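**Q** Sending over run-v5.pdb (PDB, C-alpha atoms).
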```pdb
ATOM      1  CA  MET A  26     152.645 -73.553  23.362  1.00  0.00           C
ATOM      2  CA  ASP A  27     155.502 -75.699  24.640  1.00  0.00           C
ATOM      3  CA  LYS A  28     153.611 -78.948  23.990  1.00  0.00           C
ATOM      4  CA  SER A  29     154.479 -80.255  20.533  1.00  0.00           C
ATOM      5  CA  ILE A  30     151.417 -81.348  18.588  1.00  0.00           C
ATOM      6  CA  ALA A  31     153.641 -82.721  15.806  1.00  0.00           C
ATOM      7  CA  ARG A  32     155.598 -84.882  18.255  1.00  0.00           C
ATOM      8  CA  MET A  33     152.399 -86.261  19.791  1.00  0.00           C
ATOM      9  CA  ILE A  34     151.005 -87.079  16.322  1.00  0.00           C
ATOM     10  CA  THR A  35     154.272 -88.852  15.465  1.00  0.00           C
ATOM     11  CA  LEU A  36     154.197 -90.890  18.686  1.00  0.00           C
ATOM     12  CA  LEU A  37     150.554 -91.866  18.173  1.00  0.00           C
ATOM     13  CA  ALA A  38     151.281 -92.826  14.561  1.00  0.00           C
ATOM     14  CA  ARG A  39     154.164 -95.093  15.587  1.00  0.00           C
ATOM     15  CA  LYS A  40     152.130 -96.773  18.329  1.00  0.00           C
ATOM     16  CA  SER A  41     149.180 -97.131  15.961  1.00  0.00           C
ATOM     17  CA  GLN A  42     151.356 -98.825  13.346  1.00  0.00           C
ATOM     18  CA  GLY A  43     152.468-101.350  15.952  1.00  0.00           C
ATOM     19  CA  TYR A  44     148.934-102.091  17.122  1.00  0.00           C
ATOM     20  CA  ILE A  45     147.535-102.330  13.582  1.00  0.00           C
ATOM     21  CA  GLY A  46     150.417-104.526  12.466  1.00  0.00           C
ATOM     22  CA  HIS A  47     149.744-106.938  15.313  1.00  0.00           C
ATOM     23  CA  ALA A  48     145.950-106.906  14.832  1.00  0.00           C
ATOM     24  CA  LEU A  49     146.176-107.519  11.081  1.00  0.00           C
ATOM     25  CA  SER A  50     148.914-110.143  11.189  1.00  0.00           C
ATOM     26  CA  LYS A  51     146.235-112.848  11.498  1.00  0.00           C
ATOM     27  CA  TYR A  52     145.055-111.791   8.016  1.00  0.00           C
ATOM     28  CA  ASN A  53     148.605-111.889   6.617  1.00  0.00           C
ATOM     29  CA  LEU A  54     148.596-108.084   6.297  1.00  0.00           C
ATOM     30  CA  SER A  55     151.151-105.622   7.616  1.00  0.00           C
ATOM     31  CA  SER A  56     150.454-102.118   8.839  1.00  0.00           C
ATOM     32  CA  ALA A  57     152.361-100.816   5.797  1.00  0.00           C
ATOM     33  CA  GLU A  58     150.104-102.760   3.419  1.00  0.00           C
ATOM     34  CA  GLN A  59     146.826-101.891   5.156  1.00  0.00           C
ATOM     35  CA  PRO A  60     146.228 -98.445   3.579  1.00  0.00           C
ATOM     36  CA  PHE A  61     146.763 -99.881   0.082  1.00  0.00           C
ATOM     37  CA  PHE A  62     144.576-102.889   0.842  1.00  0.00           C
ATOM     38  CA  MET A  63     141.732-100.660   2.021  1.00  0.00           C
ATOM     39  CA  ALA A  64     142.139 -98.117  -0.795  1.00  0.00           C
ATOM     40  CA  LEU A  65     141.734-100.897  -3.346  1.00  0.00           C
ATOM     41  CA  GLN A  66     138.423-101.887  -1.764  1.00  0.00           C
ATOM     42  CA  HIS A  67     137.074 -98.432  -2.639  1.00  0.00           C
ATOM     43  CA  TYR A  68     139.004 -97.639  -5.826  1.00  0.00           C
ATOM     44  CA  GLU A  69     139.194-100.791  -7.910  1.00  0.00           C
ATOM     45  CA  GLY A  70     141.132-100.390 -11.128  1.00  0.00           C
ATOM     46  CA  VAL A  71     143.383 -97.516 -10.066  1.00  0.00           C
ATOM     47  CA  THR A  72     146.867 -97.115 -11.443  1.00  0.00           C
ATOM     48  CA  GLN A  73     149.902 -97.426  -9.207  1.00  0.00           C
ATOM     49  CA  GLU A  74     150.370 -93.660  -9.548  1.00  0.00           C
ATOM     50  CA  ASP A  75     146.779 -93.067  -8.404  1.00  0.00           C
ATOM     51  CA  LEU A  76     147.339 -95.391  -5.462  1.00  0.00           C
ATOM     52  CA  THR A  77     150.454 -93.448  -4.469  1.00  0.00           C
ATOM     53  CA  ALA A  78     148.415 -90.234  -4.365  1.00  0.00           C
ATOM     54  CA  LEU A  79     145.508 -91.852  -2.492  1.00  0.00           C
ATOM     55  CA  VAL A  80     147.726 -93.242   0.265  1.00  0.00           C
ATOM     56  CA  CYS A  81     150.054 -90.198   0.351  1.00  0.00           C
ATOM     57  CA  VAL A  82     153.335 -92.071   0.211  1.00  0.00           C
ATOM     58  CA  ASP A  83     156.254 -92.160  -2.202  1.00  0.00           C
ATOM     59  CA  LYS A  84     156.346 -94.308  -5.331  1.00  0.00           C
ATOM     60  CA  ALA A  85     158.855 -96.745  -3.842  1.00  0.00           C
ATOM     61  CA  ALA A  86     156.599 -97.511  -0.854  1.00  0.00           C
ATOM     62  CA  THR A  87     153.691 -98.096  -3.221  1.00  0.00           C
ATOM     63  CA  ALA A  88     155.780-100.398  -5.405  1.00  0.00           C
ATOM     64  CA  ARG A  89     156.850-102.473  -2.382  1.00  0.00           C
ATOM     65  CA  ALA A  90     153.301-102.730  -1.007  1.00  0.00           C
ATOM     66  CA  VAL A  91     151.767-103.589  -4.388  1.00  0.00           C
ATOM     67  CA  LYS A  92     154.394-106.273  -5.010  1.00  0.00           C
ATOM     68  CA  SER A  93     153.830-107.780  -1.551  1.00  0.00           C
ATOM     69  CA  LEU A  94     150.029-107.697  -1.812  1.00  0.00           C
ATOM     70  CA  GLU A  95     150.231-109.283  -5.251  1.00  0.00           C
ATOM     71  CA  GLU A  96     152.519-112.053  -3.945  1.00  0.00           C
ATOM     72  CA  LYS A  97     150.065-112.683  -1.098  1.00  0.00           C
ATOM     73  CA  GLY A  98     147.198-112.991  -3.571  1.00  0.00           C
ATOM     74  CA  PHE A  99     145.357-109.828  -2.492  1.00  0.00           C
ATOM     75  CA  LEU A 100     145.592-107.938  -5.776  1.00  0.00           C
ATOM     76  CA  VAL A 101     146.146-108.371  -9.481  1.00  0.00           C
ATOM     77  CA  ARG A 102     147.607-106.001 -12.017  1.00  0.00           C
ATOM     78  CA  LEU A 103     145.955-105.972 -15.425  1.00  0.00           C
ATOM     79  CA  GLN A 104     147.092-104.066 -18.479  1.00  0.00           C
ATOM     80  CA  ASP A 105     144.929-101.016 -19.228  1.00  0.00           C
ATOM     81  CA  THR A 106     142.927-101.574 -22.407  1.00  0.00           C
ATOM     82  CA  GLN A 107     143.208 -97.890 -23.375  1.00  0.00           C
ATOM     83  CA  ASP A 108     146.886 -97.359 -22.518  1.00  0.00           C
ATOM     84  CA  ARG A 109     149.050-100.479 -22.729  1.00  0.00           C
ATOM     85  CA  ARG A 110     151.825 -98.737 -20.750  1.00  0.00           C
ATOM     86  CA  GLN A 111     149.578 -98.581 -17.677  1.00  0.00           C
ATOM     87  CA  ASN A 112     148.495-101.352 -15.342  1.00  0.00           C
ATOM     88  CA  ARG A 113     145.243-101.226 -13.432  1.00  0.00           C
ATOM     89  CA  ILE A 114     145.176-102.712  -9.954  1.00  0.00           C
ATOM     90  CA  TYR A 115     142.236-104.740  -8.666  1.00  0.00           C
ATOM     91  CA  PRO A 116     141.577-106.552  -5.379  1.00  0.00           C
ATOM     92  CA  THR A 117     141.193-110.310  -5.667  1.00  0.00           C
ATOM     93  CA  ASP A 118     138.253-112.273  -4.328  1.00  0.00           C
ATOM     94  CA  ALA A 119     140.430-113.205  -1.338  1.00  0.00           C
ATOM     95  CA  ALA A 120     140.969-109.519  -0.561  1.00  0.00           C
ATOM     96  CA  LYS A 121     137.274-108.760  -0.937  1.00  0.00           C
ATOM     97  CA  GLN A 122     136.415-111.569   1.481  1.00  0.00           C
ATOM     98  CA  LEU A 123     138.801-110.124   4.100  1.00  0.00           C
ATOM     99  CA  ALA A 124     137.839-106.477   3.618  1.00  0.00           C
ATOM    100  CA  ASP A 125     134.995-106.406   6.149  1.00  0.00           C
ATOM    101  CA  ALA A 126     137.063-108.128   8.835  1.00  0.00           C
ATOM    102  CA  VAL A 127     139.977-105.738   8.295  1.00  0.00           C
ATOM    103  CA  HIS A 128     137.611-102.777   8.379  1.00  0.00           C
ATOM    104  CA  ARG A 129     136.120-104.026  11.674  1.00  0.00           C
ATOM    105  CA  GLU A 130     139.628-104.314  13.160  1.00  0.00           C
ATOM    106  CA  LEU A 131     140.376-100.724  12.185  1.00  0.00           C
ATOM    107  CA  LEU A 132     137.084 -99.465  13.613  1.00  0.00           C
ATOM    108  CA  HIS A 133     137.710-101.402  16.822  1.00  0.00           C
ATOM    109  CA  PHE A 134     141.132 -99.798  17.142  1.00  0.00           C
ATOM    110  CA  ASN A 135     139.581 -96.373  16.604  1.00  0.00           C
ATOM    111  CA  ASP A 136     137.062 -97.110  19.369  1.00  0.00           C
ATOM    112  CA  LEU A 137     139.844 -98.183  21.740  1.00  0.00           C
ATOM    113  CA  LEU A 138     141.928 -95.134  20.892  1.00  0.00           C
ATOM    114  CA  THR A 139     139.103 -92.677  21.476  1.00  0.00           C
ATOM    115  CA  GLU A 140     137.625 -94.373  24.546  1.00  0.00           C
ATOM    116  CA  GLY A 141     136.610 -91.902  27.244  1.00  0.00           C
ATOM    117  CA  ILE A 142     136.720 -88.860  24.982  1.00  0.00           C
ATOM    118  CA  GLU A 143     133.516 -86.891  24.562  1.00  0.00           C
ATOM    119  CA  PRO A 144     132.085 -86.839  21.011  1.00  0.00           C
ATOM    120  CA  SER A 145     132.234 -83.026  20.970  1.00  0.00           C
ATOM    121  CA  THR A 146     135.947 -83.153  21.860  1.00  0.00           C
ATOM    122  CA  LEU A 147     136.578 -85.752  19.162  1.00  0.00           C
ATOM    123  CA  GLU A 148     134.840 -83.481  16.671  1.00  0.00           C
ATOM    124  CA  LEU A 149     137.143 -80.595  17.642  1.00  0.00           C
ATOM    125  CA  VAL A 150     140.232 -82.800  17.394  1.00  0.00           C
ATOM    126  CA  TYR A 151     139.143 -84.102  14.001  1.00  0.00           C
ATOM    127  CA  HIS A 152     138.569 -80.602  12.628  1.00  0.00           C
ATOM    128  CA  ALA A 153     141.890 -79.405  14.045  1.00  0.00           C
ATOM    129  CA  LEU A 154     143.688 -82.306  12.341  1.00  0.00           C
ATOM    130  CA  GLN A 155     141.899 -81.537   9.076  1.00  0.00           C
ATOM    131  CA  LYS A 156     143.062 -77.929   9.343  1.00  0.00           C
ATOM    132  CA  MET A 157     146.630 -79.066   9.982  1.00  0.00           C
ATOM    133  CA  ASP A 158     146.399 -81.263   6.878  1.00  0.00           C
ATOM    134  CA  SER A 159     145.125 -78.335   4.825  1.00  0.00           C
ATOM    135  CA  ASN A 160     148.181 -76.313   5.913  1.00  0.00           C
ATOM    136  CA  PHE A 161     150.562 -78.660   4.085  1.00  0.00           C
ATOM    137  CA  PRO A 162     150.358 -77.032   0.634  1.00  0.00           C
ATOM    138  CA  SER A 163     151.449 -73.665   2.044  1.00  0.00           C
ATOM    139  CA  ILE A 164     154.191 -75.349   4.087  1.00  0.00           C
ATOM    140  CA  ALA A 165     155.482 -77.093   0.968  1.00  0.00           C
ATOM    141  CA  GLU A 166     155.347 -73.854  -1.006  1.00  0.00           C
ATOM    142  CA  LYS A 167     157.279 -71.937   1.657  1.00  0.00           C
ATOM    143  CA  LYS A 168     159.830 -74.711   1.783  1.00  0.00           C
ATOM    144  CA  SER A 169     160.328 -74.696  -1.985  1.00  0.00           C
ATOM    145  CA  ARG A 170     160.791 -70.908  -1.989  1.00  0.00           C
ATOM    146  CA  THR A 171     163.476 -71.085   0.674  1.00  0.00           C
ATOM    147  CA  GLY A 172     165.157 -74.047  -0.999  1.00  0.00           C
ATOM    148  CA  LYS A 173     165.262 -76.088   2.201  1.00  0.00           C
ATOM    149  CA  ARG A 174     165.687 -79.810   1.832  1.00  0.00           C
ATOM    150  CA  GLY A 175     163.656 -82.424   3.613  1.00  0.00           C
ATOM    151  CA  GLY A 176     160.500 -84.438   3.559  1.00  0.00           C
ATOM    152  CA  LEU A 177     157.689 -82.619   1.762  1.00  0.00           C
TER     153      LEU A 177
END
```
Would it be possible to restate this file's structure as structure tokens?
**A**
Amino acid sequence: MDKSIARMITLLARKSQGYIGHALSKYNLSSAEQPFFMALQHYEGVTQEDLTALVCVDKAATARAVKSLEEKGFLVRLQDTQDRRQNRIYPTDAAKQLADAVHRELLHFNDLLTEGIEPSTLELVYHALQKMDSNFPSIAEKKSRTGKRGGL
């Protein structure tokens, strides 16, 4: 197949980031902060390490997003009562009040993006993307065996 699925996914991701960033700017949220903001709505009290795994980014990106969201008043870090070395991260009341509106924006974008595509086709695309995601562990393993450098 001479059509690159990976390139198309990359292009869609970049365009999506731009749209989401613009749509969420009225809530004082960036597209980079959005996945952390939404994860905290579902996983209150996670550690920063847990948040990194949930959002699938590196620790530095998580640290930047957490710091920014904390400065904006969308989250608080509280010391873990069991392990004083850990902080637990919680959404603030302000974040909870915005959560539904942000979620609606994301759903609206999804509707716009998938407009005109049959539900059965969307189901196939979704399952194909899930399969691609499930291929990552074997890709990472192959990469580590060959000693190649790069992003995984």
**Q** For Glu96 of chain A, list every protein, DNA or RNA residue within 12 Å, evaluated using only C-alpha atoms, and leave out those in the same chain fewer than 5 positions away; present the list as a PyMOL selection string.
**A** chain A and resi 53-54+89-91+101-102+117
**Q** What does the structure give for the distance between atom CA of Arg39 of chain A and atom CA of Phe134 of chain A, in Å to one decimal?
**A**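 Rounded to one decimal, the two atoms are 13.9 Å apart.
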**Q** Exactly which residues make up the result of the PyMOL selection byres ((chain A and resi 73) around 8) on this file, given as a list in words?
**A**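 Listing what the PyMOL selection byres ((chain A and resi 73) around 8) selects in the shown file: Val71, Thr72, Glu74, Asp75, Leu76, Thr77, Thr87, Ala88, Asn112, Arg113 and Ile114 of chain A.
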**Q** Calculated over all atoms listed in the file, which of the candidates A:Gln107, A:Ala78, A:His47, A:Ile164 has the smallest distance to Pro60 of chain A?
**A**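 Checking each of A:Gln107, A:Ala78, A:His47, A:Ile164 against Pro60 of chain A, counting all atoms listed in the file, the winner is A:Ala78.
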**Q** So, counting all atoms listed in the file, which residue among A:Tyr151, A:Tyr68, A:Phe99, A:Phe61 is closest to Ala86 of chain A?
**A**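 Of A:Tyr151, A:Tyr68, A:Phe99, A:Phe61, the one nearest Ala86 of chain A, counting all atoms listed in the file, is A:Phe61.
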**Q** Give the answer as one residue: which of A:Leu123, A:Gly141, A:Leu94, A:Gly70 has the shortest atom-to-atom distance to Ala57 of chain A, using all atoms listed in the file?
**A** A:Leu94
**Q** Atom CA of Lys121 of chain A and atom CA of Ser55 of chain A, how far apart in Å?
**A**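 Computing it gives 16.6 Å between the two atoms.
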**Q** Hey, which of A:Glu140, A:Ala124, A:Gln111, A:Asn160 ends up closest to Ala64 of chain A? Count all atoms listed in the file.
**A**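 Of the candidates, the smallest distance to Ala64 of chain A is held by A:Ala124.
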**Q** Could you give me the centre and size, in Å to one decimal, of an axis-aligned box around all listed atoms of segment 30-41 of chain A with 4 Å added on every side, as JSON?
**A**
```
{"center_x": 152.4, "center_y": -89.2, "center_z": 17.2, "size_x": 14.4, "size_y": 23.8, "size_z": 13.2}
```
**Q** A:Ala48, A:Gly43, A:Ala38, A:Ala153: which is nearest Glu130 of chain A, counting all atoms listed in the file?
**A**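 Checking each candidate against Glu130 of chain A, we get A:Ala48 as the closest.
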**Q** Using all atoms listed in the file, can you tell me which of A:Gly46, A:Ser145, A:Leu154, A:Leu138 comes closest to Ala31 of chain A?
**A** A:Leu154
**Q** For the point (138.2, -107.6, 8.7) in file coordinates, what residues are within 12 Å, counting all atoms listed in the file? Give the answer as an NGL selection string?
**A** :A and (45 or 48-54 or 59 or 62-63 or 66 or 119-134)
